[in-house]
Amino acid sequence: MTPPSSIAHYKITTKLGEGGMGAVYRATDTKLARDVAIKVLPDSVASDADRLARFTREAQVLASLNHPNIAAIYGVEDRALVLELVEGPTLAERLAQGPIPREEALPIARQIADAMEFAHERGIIHRDLKPANIKIRNDGTVKVLDFGLAKALSPEDRSGTSDAMNSPTLTARATQIGVILGTAAYMSPEQAKGKSVDRRADIWAFGVVVFEMLTGKRGYQAEDVSDTLAAVLTREVDWTALPADTPPRLRTLLRDCLARDPKQRLRDIGEARRVLDQLISGAPDSSAAASSANLAAPPHSPLWRRALPWTIAALAVVAALATFLWRGSTNAGDAHELRLQMVMPGDSNSFAISPDGRFFAFSATAANGNGVQLWLRPLDSEVAKPLAGTEQSFEPFWSPDSKSIGFFGHQAMKLLDVESGAVRTLADAPTPRGASWNRDGTILFSPAGNGPLYRIPAAGGKPEQVTQQRAQDASHRFPKFLPDGHHFLFFVQGPPDVRGVYVGSLDSKEFHRICVADGPAVFVPPNHILLVRERVLYAQRFDPAKMELAGEPFPVTSGLSAGWSSFMRTAASDTGLIVYRPDETIRREVTWLDRSGRPSGTVGEPVADARAGDLSPDGRTLAISIGRGEGGANDVMLMDMSRGTLTRLTAEDSGYASWSPDGRRIAFDAGRVGLLDLYAKVVGSSGPDEVLFASKEAKNLDDWSPDGKYLLFSSQSPTTARDVWAVPVEGPDRKPFPVAQTAAEESNGRFSPDGKWVAYQSDETGHNEVFVRPFPGPGPAVRVSTGGGRSAFWRHDGKELFYRTTDDQLMAVSVTASGKGTLDFGLPQSLFKVKGTIVPETDGQRFLWLLPIGNASQPPITVIVNWAGQQK
C-alpha cells in the first residue's frame, strides 16, 4: 500500500506497521499539534459502503472507552481511524526477552484486567487480546490496543448476526479481510469452534497472556494454525511450566480463566482484578482459613456457629493492632505483615493516623446526619466517637505528641485538644489543601488551593510565607514534614513538566522535584515514601539525609487515585503503620423519574464514575462528566438519548460541561495547566478547543446563560473562599465580574430561564442553603431553602425552583413574579428522596438522574501492620 501524505488535517510522517486490519502510520495532528496513530482500513472495508458505515458506527461506540489503560480512538476520517499514539514496546516484544518476573508481571496483568473490566461493563468485547495488542509505556503504564476492531472490521453476516466471524477458521470471508479474528494461540475453545462469544472469550485470552508472561512460553502453539487450534480444543497448558513459587491464588486464577467449558470459566474479569490486587498488596491468602471454617461449620449448622469464624476474625483484628501497639515498633520487623480493614460510619472523606499509631481521626457524616464532622477511633477499639466542635470540618492532621488534632472548617484552620475537647481558631484558610505539624511547634499549611505554603506557630501568630511559586506553578499543597522537622515534602500542581513531589525547607525558599507523581507523597519511617501513579500506590526508598530517592519504586496496592485536588488517600504513623482507602467506583444508570420519584425509563448501559450531566437544548444528547478514579481528572462524553451510545468529546483533564443555548457548543472546565480554566468546543468538530477564560485561580463551570452571552463559574479566592462569577463569552474583553461574593463560600450557580436571576448555594448560615440574586445586579440575595439546600436548578418556565437537601430529598419551591420586579417564593415542598446525581433541567413533571447501582458506600480503610516493604 502506498502511504498517503496526509489524511484530513493529519500529516503522515512514517509507517509503523501493517497487518490484516490495515496499515498503521505515525502522523501529526496539525490542528492540535500532537502526534497520533492513523490506521488506514483495508480495501475490503473502505470500498464497501455498507461495511464502512457500520464500521463508523462501531468505532463511535468504541470511542466511548475512556480509560487510562485503553488506547483511545480520537475519530474516524476518510477510510482511516485516528488513534492515540502509544510509545513503548508491545508485550510481545518484551516477552521476546524471556519470562517476566512475577513482581513485574502482576501490575501489568492488573492493568490489563482493569481495562477489560471497564470495556466489559459497557458491553464491549475485545475478541483479539494478545501480547501484540498490549503496549507498555516507559513509565509502566499498560495500554490495550484495538478493542473490538475485529468485530468492527468484519462483514455483516447474511443472517443478520456476525457470530460466525468469531471463528478463526480461514473461510472465504475471513480471507477477504485478511485476518483470523482472534490470533489462534489466544483463542478460546468456543471461538475456535466458530460459536458465538461473550466476555468469557476475553477472560480465556487474558489467562493465556498471563501464563505466557510468567513462563515465557505460549500456552498454545504449534507448527501451523490448524494444529494450534487443535491444541486449544483438546489439551491444557503445561501447568508445570509455571515457576515453582507461583502463589496458589495465582494458579487458581489461571485455572479459572482457562477452564475449557465457558460455564465453568471465571465469569467476570473484575474477579481477576480483585485477586491481582490482593497478590500485589501481599494480602494473606484466606482460602485455607475459609476451608477450615467450612469444615467446622456445615451449610446447615446454626447461625451462631456459622458466624463464629467472623466473630473470631473481628476480635483478631483488634488483638493484632493491640499487640502491635503494646510492643511498639522496635521489633516490628520480626512479625509478618498484616492488612486489616476498618469500616467507618458514613463516608470517610479524609483521615490521619496519630504519630504514635494509636488513634485514627477521620472526617465522615456528622452524628446528626447534617454535613460532616471529625470522628476519633482508638485503633485497639471498634468504637469511634464524634468530636464536638468539628462540624463541617475535614483534612485532620496530628500534633507530634498525638495529643492534639488540627483540621480545617468554615474557611479557617483550627486546633482541638483531644483530652479536653477545647477548640481554637489558628488562621484563615479559605480553600485549604493540607497541613503538617513538627516537633518545634510549627505548622506548615496550604491556606488556598492556588497559592504557596505558609508557616505559623501552633501557639498562635501571623502566618509567614514559606515557598515562592514559580511562573509555571499552579499551586503548592499537601505539605508533610520529614524527620528533621525543617525539610518537608509537598506537591506542586501545574503542567505535566512541573507536576510532582518536591522537597522544600523552612530555612530557604528553594525547592526541587524528587519524582513525578499524580498526587502528594507520604513519608514512612525510617526511609520510604508512598506515592501514586496511574491509580497504583508505590513505595520507594528515600534518604532523609540526602533528600534523594534511591532504588526503584515497587507496588504496595492499587485502586487509589492521587487526590491532588482534594484529600489524601493514604497516611502513615511514626511507628510504621500505614493506612489507605481505595477508590469508590460507582456505576450509574441514566434514568428518568416522575414527580413522585418512580422510574419511568433508563437510557443506555450503566456508566462508571459518572459525576455530572447536562442535557442539550433539544433533549437529544446528554453531556456526561466521567471521572478516572475519585481524585482523577474528568473526561466529557456525549450520550445519544435515543440509542444510549457514548462518544468522546474531550479527554484532557476535563470537568463539568454545559451546553450553549443553540446546542452548537459545549463549555467545560479543564486542568490542563494545573488549575481549572474554561474552554469551549464545537460539537462534532475535530478542531482545537477554544480558551474562554484563564486565570491564576481555579474555576468550576456552573452554567451558560439563556441568551448565550455569559458563563457562570465558581472560583476559589485566597481571601473570600469560593465565589460565583460571570464572564462574557464573546468579544475581546472577557472580564469577569462577581455575582455572589461574600466572606462565606458560594458555588453552583444556575441561571433562571429568562436569565434575570441566579440561584446558588452559600454556607453563610453555617451550612449550605439556597439563595437567589438578580443578574447582573444589583440587588439583595433572598434565601429560598429552609432546612439546608444545595444544587439548585429551575423549571423550564421559571415557575419552580428545585434543590437537594443534605439527606437527599428533592425539594420544590413555587416562584411567582411580583409587580415590583422581584420574585416571590413559596414554602419548600418535598417531592421524593433518592440518592444520585440530578441533571439540572426539567419541565417539572419528570427529572433525569444518574442513579447509582447497588451499594454506593465507600470501601473500608485498610491498615498495614508490620509493612514488609520496610525490609526492601
# chains A, B, ... in the order shown; residues from 1 in each chain; ligands from 1
call {"tool": "select_by_dssp", "arguments": {"residues": "region 419-629 of chain A", "states": "strand (DSSP E)", "output": "MDAnalysis selection string"}}
result
chainID A and resid 423:428 435:437 442:445 454:457 464:465 475:481 487:493 500:505 508:515 522:524 528:533 536:543 548:558 570:572 578:580 587:594 599:608 610:615 621:627
call {"tool": "residues_around", "arguments": {"residues": "region 126-139 of chain A", "least_positions_apart": "2", "cutoff": "10 Å", "atoms": "only C-alpha atoms", "output": "PyMOL selection string"}}
result
chain A and resi 69-71+86-95+108+112+116+119-120+124+141-151+166+180-188+191+197-206+208-210+212-213+516+533-534
call {"tool": "atom_distance", "arguments": {"atom1": "CA of Lys11 (chain A)", "atom2": "CA of Pro42 (chain A)"}}
result
19.6 Å
call {"tool": "residues_around", "arguments": {"residues": "Gly731 (chain A)", "least_positions_apart": "2", "cutoff": "12 Å", "atoms": "only C-alpha atoms", "output": "mmCIF file with N, CA, C and O atoms, in the first residue's frame"}}
result
data_model
loop_
_atom_site.group_PDB
_atom_site.id
_atom_site.type_symbol
_atom_site.label_atom_id
_atom_site.label_comp_id
_atom_site.auth_asym_id
_atom_site.auth_seq_id
_atom_site.Cartn_x
_atom_site.Cartn_y
_atom_site.Cartn_z
ATOM 1 N N LEU A 692 -11.862 30.023 26.780
ATOM 2 C CA LEU A 692 -12.806 31.100 27.057
ATOM 3 C C LEU A 692 -12.304 32.036 28.135
ATOM 4 O O LEU A 692 -12.468 33.245 28.040
ATOM 5 N N PHE A 693 -11.707 31.452 29.187
ATOM 6 C CA PHE A 693 -11.200 32.291 30.270
ATOM 7 C C PHE A 693 -10.172 31.508 31.078
ATOM 8 O O PHE A 693 -10.417 30.382 31.490
ATOM 9 N N LYS A 709 -24.686 34.795 26.295
ATOM 10 C CA LYS A 709 -23.668 35.832 26.444
ATOM 11 C C LYS A 709 -22.707 35.600 27.607
ATOM 12 O O LYS A 709 -21.599 36.148 27.602
ATOM 13 N N TYR A 710 -23.100 34.812 28.620
ATOM 14 C CA TYR A 710 -22.284 34.707 29.830
ATOM 15 C C TYR A 710 -22.150 33.247 30.269
ATOM 16 O O TYR A 710 -23.035 32.413 30.031
ATOM 17 N N VAL A 727 -18.631 35.595 33.349
ATOM 18 C CA VAL A 727 -17.660 36.099 32.386
ATOM 19 C C VAL A 727 -18.321 36.133 31.012
ATOM 20 O O VAL A 727 -19.036 35.206 30.630
ATOM 21 N N PRO A 728 -18.162 37.229 30.244
ATOM 22 C CA PRO A 728 -18.720 37.271 28.879
ATOM 23 C C PRO A 728 -18.069 36.199 28.009
ATOM 24 O O PRO A 728 -16.869 35.923 28.120
ATOM 25 N N VAL A 729 -18.863 35.607 27.130
ATOM 26 C CA VAL A 729 -18.373 34.535 26.267
ATOM 27 C C VAL A 729 -17.794 35.095 24.974
ATOM 28 O O VAL A 729 -16.834 34.546 24.425
ATOM 29 N N ASP A 733 -13.018 41.647 25.236
ATOM 30 C CA ASP A 733 -12.893 41.993 26.658
ATOM 31 C C ASP A 733 -13.714 41.024 27.496
ATOM 32 O O ASP A 733 -14.872 41.268 27.802
ATOM 33 N N ARG A 734 -13.110 39.912 27.836
ATOM 34 C CA ARG A 734 -13.808 38.898 28.639
ATOM 35 C C ARG A 734 -13.412 39.070 30.108
ATOM 36 O O ARG A 734 -12.748 38.246 30.706
ATOM 37 N N LYS A 735 -13.843 40.173 30.669
ATOM 38 C CA LYS A 735 -13.503 40.482 32.049
ATOM 39 C C LYS A 735 -14.592 39.953 32.973
ATOM 40 O O LYS A 735 -15.758 40.324 32.860
#
call {"tool": "residues_around", "arguments": {"residues": "region 806-810 of chain A", "least_positions_apart": "4", "cutoff": "6 Å", "atoms": "only C-alpha atoms", "output": "CSV table (one decimal) with N, CA, C and O atoms, in the first residue's frame"}}
result
chain,number,residue,atom,x,y,z
A,831,LEU,N,-40.6,16.4,47.3
A,831,LEU,CA,-41.1,15.6,46.2
A,831,LEU,C,-40.8,14.1,46.4
A,831,LEU,O,-41.7,13.3,46.5
A,832,PHE,N,-39.5,13.8,46.6
A,832,PHE,CA,-39.1,12.4,46.8
A,832,PHE,C,-37.7,12.4,47.3
A,832,PHE,O,-37.0,13.4,47.2
A,833,LYS,N,-37.3,11.3,47.8
A,833,LYS,CA,-35.9,11.1,48.3
A,833,LYS,C,-35.2,10.0,47.5
A,833,LYS,O,-35.7,8.9,47.4
A,834,VAL,N,-34.0,10.3,47.0
A,834,VAL,CA,-33.3,9.3,46.2
A,834,VAL,C,-31.8,9.8,46.1
A,834,VAL,O,-31.5,11.0,46.0
A,835,LYS,N,-30.9,8.8,46.2
A,835,LYS,CA,-29.5,9.1,46.1
A,835,LYS,C,-29.2,9.2,44.6
A,835,LYS,O,-29.8,8.5,43.8
call {"tool": "atom_distance", "arguments": {"atom1": "CA of Gly17 (chain A)", "atom2": "CA of Ala72 (chain A)"}}
result
18.3 Å
call {"tool": "residues_around", "arguments": {"residues": "region 479-481 of chain A", "least_positions_apart": "5", "cutoff": "6 Å", "atoms": "only C-alpha atoms", "output": "PyMOL selection string"}}
result
chain A and resi 435-436+488-490
call {"tool": "closest_residue", "arguments": {"among": "A:Ile456, A:Val863, A:Val556, A:Leu711", "to": "Ala539 (chain A)", "atoms": "only C-alpha atoms"}}
result
A:Val556
call {"tool": "residues_around", "arguments": {"residues": "Asp261 (chain A)", "least_positions_apart": "4", "cutoff": "12 Å", "atoms": "only C-alpha atoms", "output": "ChimeraX atom specification"}}
result
/A:188-191,200-201,204,232-234,236,255-257,265-267
call {"tool": "closest_residue", "arguments": {"among": "A:Asn368, A:Thr467, A:Thr816, A:Ser475", "to": "Ser508 (chain A)", "atoms": "only C-alpha atoms"}}
result
A:Thr467
call {"tool": "closest_residue", "arguments": {"among": "A:Arg499, A:Thr13, A:Pro447, A:Glu77", "to": "Gln472 (chain A)", "atoms": "only C-alpha atoms"}}
result
A:Arg499
call {"tool": "closest_residue", "arguments": {"among": "A:Asp707, A:Glu84, A:Asp640, A:Asp543", "to": "Thr621 (chain A)", "atoms": "only C-alpha atoms"}}
result
A:Asp640
call {"tool": "decode", "arguments": {"residues": "region 759-770 of chain A", "atoms": "N, CA and C atoms", "output": "mmCIF file, in the first residue's frame"}}
result
data_model
loop_
_atom_site.group_PDB
_atom_site.id
_atom_site.type_symbol
_atom_site.label_atom_id
_atom_site.label_comp_id
_atom_site.auth_asym_id
_atom_site.auth_seq_id
_atom_site.Cartn_x
_atom_site.Cartn_y
_atom_site.Cartn_z
ATOM 1 N N ALA A 759 -29.631 31.392 40.918
ATOM 2 C CA ALA A 759 -29.746 30.621 42.155
ATOM 3 C C ALA A 759 -28.386 30.001 42.451
ATOM 4 N N TYR A 760 -28.016 29.946 43.726
ATOM 5 C CA TYR A 760 -26.721 29.390 44.117
ATOM 6 C C TYR A 760 -26.813 28.903 45.554
ATOM 7 N N GLN A 761 -25.778 28.241 46.019
ATOM 8 C CA GLN A 761 -25.743 27.807 47.409
ATOM 9 C C GLN A 761 -24.641 28.543 48.148
ATOM 10 N N SER A 762 -24.892 28.812 49.438
ATOM 11 C CA SER A 762 -23.933 29.527 50.280
ATOM 12 C C SER A 762 -23.979 28.953 51.684
ATOM 13 N N ASP A 763 -22.827 28.943 52.357
ATOM 14 C CA ASP A 763 -22.772 28.441 53.736
ATOM 15 C C ASP A 763 -22.705 29.582 54.756
ATOM 16 N N GLU A 764 -23.243 30.752 54.390
ATOM 17 C CA GLU A 764 -23.157 31.902 55.292
ATOM 18 C C GLU A 764 -23.922 31.686 56.590
ATOM 19 N N THR A 765 -24.881 30.736 56.625
ATOM 20 C CA THR A 765 -25.619 30.451 57.859
ATOM 21 C C THR A 765 -24.927 29.385 58.704
ATOM 22 N N GLY A 766 -23.792 28.860 58.256
ATOM 23 C CA GLY A 766 -23.110 27.774 58.950
ATOM 24 C C GLY A 766 -23.238 26.450 58.231
ATOM 25 N N HIS A 767 -24.221 26.329 57.337
ATOM 26 C CA HIS A 767 -24.348 25.170 56.466
ATOM 27 C C HIS A 767 -24.996 25.646 55.171
ATOM 28 N N ASN A 768 -24.928 24.834 54.134
ATOM 29 C CA ASN A 768 -25.366 25.281 52.812
ATOM 30 C C ASN A 768 -26.874 25.514 52.748
ATOM 31 N N GLU A 769 -27.247 26.653 52.191
ATOM 32 C CA GLU A 769 -28.632 26.991 51.888
ATOM 33 C C GLU A 769 -28.678 27.573 50.474
ATOM 34 N N VAL A 770 -29.855 27.547 49.877
ATOM 35 C CA VAL A 770 -30.039 28.058 48.522
ATOM 36 C C VAL A 770 -30.502 29.508 48.579
#
